[in-house]
Amino acid sequence: MISARCWLVAVVALDVAAVGVPRSAAAQTPEMTLARAVAALEATETERGVELLREAIATAPRATPSALRGNAEVRLAVASWSLGFFDSATVHFQAAVSADPFVTLDPEQFNPDLRAVFHAVRRATLVLGVRAPPDTALAPRTEPWPVSVAVPRPGQVRFRLARTGPASRDTLLATTAVDSTATVALRLPVGDSVTRAAGSYRLAVEYSEPGGRALATTLALELSEQIADSLPHELPPADSLYRLEVRWGAPSRASLARGIGLGVGAATIPLLLANSALRGVGGRALTVGATVSAAGVVGYFLGRPRQPLPENVAYNRALRSAWEARNRTLAAANERRRGAVLLRVRVASPQ
């Protein structure tokens, strides 16, 4: 009975251990695995770094940001290149550009031969990348909405906006020539009322090159109105930013001489004029004279004149004036924004 119970405990323990291993592996996010891979590569542990990079890509969920996938593929390509696997480096470069068309190589970190291979792969990979602020608010008639695009080769990029739903008509927002990457400022047509313009939209981005090949992608947008918030006023400059405006001058030797002279006089005059019948006059006179002399010495050190520093006074005045001017600007901006309706643009999801 005891042996059977021990056997049962051992089986349960092995089962728990087997279940615990995948959980601990699953706890490693792709970002953490990529960080470990980068650390291994920087420590010249290339094989270990390649293993971790492959693990980061293989275990990454579909919702993993494209920039992370592109970064991992680029590092795999560089590692493969350093090991002499040039074909593998080309394949990983292609995967990096496909995952993130905005990926680049820093010319300060990579040699020209490797960058030449990367640029050749990028030119040969037909992809279209589009990036836009995920959630922003802007003045509908004065502020444009920035959208970035990445293309493999020089070509034309067109932006069309349409409401979702049947019988919707496209509005051409812009057409521009793009060589590699560019950010285009789009004016969103809202008409006379932001309220009427609110709703679901589809932004179509179309790329075409002189050779005839073309690509297109869309972004799902939600437009709504938003009341402008007032801007907070700036806090006054910290006390540490101000400079001293006065300094203490050198002590006056004349005041020291006067204090000591008065003390000596206070001690000797009663001695010279005192009647011999008066007892104890000398002791009191010396005490008064010493007190007056000590007061003169203290006045010598504490009675120094205060000298103003014009440059520091001007600096502090300019510091306060600049702060007040900025707050006046904020107050004027708040007056203009009071009651203003902004256009909120939110990217729902790429389609």
# chains A, B, ... in the order shown; residues from 1 in each chain; ligands from 1
>>> residues_around(residues="Trp323 of chain A", least_positions_apart="2", cutoff="12 Å", atoms="only C-alpha atoms", output="list in words")
His233, Glu234, Leu235, Pro236, Pro237, Ala238, Asn316, Arg317, Ala318, Leu319, Arg320, Ser321, Ala325, Arg326, Asn327, Arg328, Thr329 and Leu330 of chain A
>>> residues_around(residues="Ala162 of chain A", least_positions_apart="5", cutoff="6 Å", atoms="only C-alpha atoms", output="PyMOL selection string")
chain A and resi 169-170+201-202
>>> write_last_selection(atoms="all heavy atoms", output="mmCIF file, in the first residue's frame")
data_model
loop_
_atom_site.group_PDB
_atom_site.id
_atom_site.type_symbol
_atom_site.label_atom_id
_atom_site.label_comp_id
_atom_site.auth_asym_id
_atom_site.auth_seq_id
_atom_site.Cartn_x
_atom_site.Cartn_y
_atom_site.Cartn_z
ATOM 1 N N ARG A 169 -18.951 57.038 -52.053
ATOM 2 C CA ARG A 169 -18.114 57.614 -53.108
ATOM 3 C C ARG A 169 -16.744 57.945 -52.542
ATOM 4 O O ARG A 169 -16.613 58.488 -51.441
ATOM 5 C CB ARG A 169 -18.771 58.871 -53.665
ATOM 6 C CG ARG A 169 -20.125 58.617 -54.306
ATOM 7 C CD ARG A 169 -20.722 59.909 -54.837
ATOM 8 N NE ARG A 169 -19.836 60.551 -55.789
ATOM 9 C CZ ARG A 169 -20.079 61.756 -56.330
ATOM 10 N NH1 ARG A 169 -21.154 62.440 -55.985
ATOM 11 N NH2 ARG A 169 -19.240 62.268 -57.197
ATOM 12 N N ASP A 170 -15.712 57.625 -53.327
ATOM 13 C CA ASP A 170 -14.344 57.937 -52.914
ATOM 14 C C ASP A 170 -14.036 59.403 -53.153
ATOM 15 O O ASP A 170 -14.483 59.998 -54.131
ATOM 16 C CB ASP A 170 -13.343 57.069 -53.683
ATOM 17 C CG ASP A 170 -13.425 55.611 -53.269
ATOM 18 O OD1 ASP A 170 -14.050 55.343 -52.234
ATOM 19 O OD2 ASP A 170 -12.872 54.756 -53.980
ATOM 20 N N TYR A 201 -15.071 55.311 -41.802
ATOM 21 C CA TYR A 201 -14.502 55.583 -43.125
ATOM 22 C C TYR A 201 -13.488 54.501 -43.471
ATOM 23 O O TYR A 201 -13.040 53.727 -42.620
ATOM 24 C CB TYR A 201 -13.812 56.950 -43.143
ATOM 25 C CG TYR A 201 -14.754 58.132 -43.129
ATOM 26 C CD1 TYR A 201 -15.345 58.555 -41.940
ATOM 27 C CD2 TYR A 201 -15.057 58.817 -44.301
ATOM 28 C CE1 TYR A 201 -16.207 59.633 -41.917
ATOM 29 C CE2 TYR A 201 -15.919 59.906 -44.284
ATOM 30 C CZ TYR A 201 -16.490 60.307 -43.098
ATOM 31 O OH TYR A 201 -17.355 61.381 -43.075
ATOM 32 N N ARG A 202 -13.122 54.502 -44.734
ATOM 33 C CA ARG A 202 -12.102 53.605 -45.245
ATOM 34 C C ARG A 202 -11.102 54.437 -46.041
ATOM 35 O O ARG A 202 -11.460 55.114 -47.008
ATOM 36 C CB ARG A 202 -12.724 52.540 -46.142
ATOM 37 C CG ARG A 202 -11.716 51.505 -46.676
ATOM 38 C CD ARG A 202 -12.371 50.522 -47.629
ATOM 39 N NE ARG A 202 -12.790 51.178 -48.885
ATOM 40 C CZ ARG A 202 -14.030 51.502 -49.190
ATOM 41 N NH1 ARG A 202 -15.018 51.236 -48.342
ATOM 42 N NH2 ARG A 202 -14.324 52.073 -50.346
#
>>> residues_around(residues="Glu73 of chain A", least_positions_apart="2", cutoff="8 Å", atoms="only C-alpha atoms", output="ChimeraX atom specification")
/A:53,57,69-71,75-77,92-93,95-96
>>> closest_residue(among="A:Ala37, A:Leu343, A:Leu126, A:Ala182", to="Leu223 of chain A", atoms="only C-alpha atoms")
A:Leu343
>>> closest_residue(among="A:Ser200, A:Thr181, A:Thr64, A:Ser88", to="Val151 of chain A", atoms="only C-alpha atoms")
A:Thr181
>>> select_by_dssp(residues="segment 102-198 of chain A", states="helix (DSSP H, G or I)", output="list in words")
Pro112, Asp113, Leu114, Arg115, Ala116, Val117, Phe118, His119, Ala120, Val121, Arg122, Arg123, Ala124, Val194, Thr195, Arg196 and Ala197 of chain A
>>> write_last_selection(atoms="N, CA and C atoms", output="JSON list (two decimals), in the first residue's frame")
[["chain", "number", "residue", "atom", "x", "y", "z"],
["A", 112, "PRO", "N", 29.05, 48.43, -45.90],
["A", 112, "PRO", "CA", 28.39, 48.75, -47.18],
["A", 112, "PRO", "C", 27.92, 47.52, -47.95],
["A", 113, "ASP", "N", 28.69, 46.42, -47.92],
["A", 113, "ASP", "CA", 28.28, 45.22, -48.66],
["A", 113, "ASP", "C", 26.95, 44.67, -48.14],
["A", 114, "LEU", "N", 26.82, 44.60, -46.82],
["A", 114, "LEU", "CA", 25.58, 44.09, -46.24],
["A", 114, "LEU", "C", 24.41, 45.03, -46.56],
["A", 115, "ARG", "N", 24.65, 46.34, -46.49],
["A", 115, "ARG", "CA", 23.58, 47.28, -46.80],
["A", 115, "ARG", "C", 23.19, 47.22, -48.28],
["A", 116, "ALA", "N", 24.16, 46.95, -49.14],
["A", 116, "ALA", "CA", 23.83, 46.82, -50.57],
["A", 116, "ALA", "C", 22.92, 45.62, -50.82],
["A", 117, "VAL", "N", 23.18, 44.51, -50.11],
["A", 117, "VAL", "CA", 22.31, 43.34, -50.24],
["A", 117, "VAL", "C", 20.91, 43.66, -49.73],
["A", 118, "PHE", "N", 20.84, 44.36, -48.59],
["A", 118, "PHE", "CA", 19.54, 44.70, -48.02],
["A", 118, "PHE", "C", 18.74, 45.58, -48.98],
["A", 119, "HIS", "N", 19.37, 46.62, -49.53],
["A", 119, "HIS", "CA", 18.65, 47.52, -50.45],
["A", 119, "HIS", "C", 18.22, 46.79, -51.72],
["A", 120, "ALA", "N", 19.05, 45.85, -52.20],
["A", 120, "ALA", "CA", 18.65, 45.08, -53.37],
["A", 120, "ALA", "C", 17.42, 44.22, -53.07],
["A", 121, "VAL", "N", 17.41, 43.60, -51.89],
["A", 121, "VAL", "CA", 16.26, 42.78, -51.50],
["A", 121, "VAL", "C", 15.02, 43.66, -51.34],
["A", 122, "ARG", "N", 15.20, 44.82, -50.75],
["A", 122, "ARG", "CA", 14.05, 45.70, -50.55],
["A", 122, "ARG", "C", 13.47, 46.16, -51.88],
["A", 123, "ARG", "N", 14.31, 46.47, -52.84],
["A", 123, "ARG", "CA", 13.82, 46.89, -54.15],
["A", 123, "ARG", "C", 13.07, 45.77, -54.86],
["A", 124, "ALA", "N", 13.46, 44.54, -54.57],
["A", 124, "ALA", "CA", 12.84, 43.41, -55.25],
["A", 124, "ALA", "C", 11.60, 42.89, -54.55],
["A", 194, "VAL", "N", -18.42, 69.18, -38.28],
["A", 194, "VAL", "CA", -17.71, 67.98, -37.85],
["A", 194, "VAL", "C", -18.72, 66.90, -37.44],
["A", 195, "THR", "N", -19.84, 67.32, -36.90],
["A", 195, "THR", "CA", -20.86, 66.36, -36.47],
["A", 195, "THR", "C", -21.37, 65.55, -37.64],
["A", 196, "ARG", "N", -21.64, 66.21, -38.76],
["A", 196, "ARG", "CA", -22.14, 65.48, -39.93],
["A", 196, "ARG", "C", -21.07, 64.61, -40.54],
["A", 197, "ALA", "N", -19.79, 65.00, -40.37],
["A", 197, "ALA", "CA", -18.70, 64.20, -40.95],
["A", 197, "ALA", "C", -18.36, 62.99, -40.11]]
>>> atom_distance(atom1="atom CA of Gln156 of chain A", atom2="atom CA of Ser349 of chain A")
24.0 Å
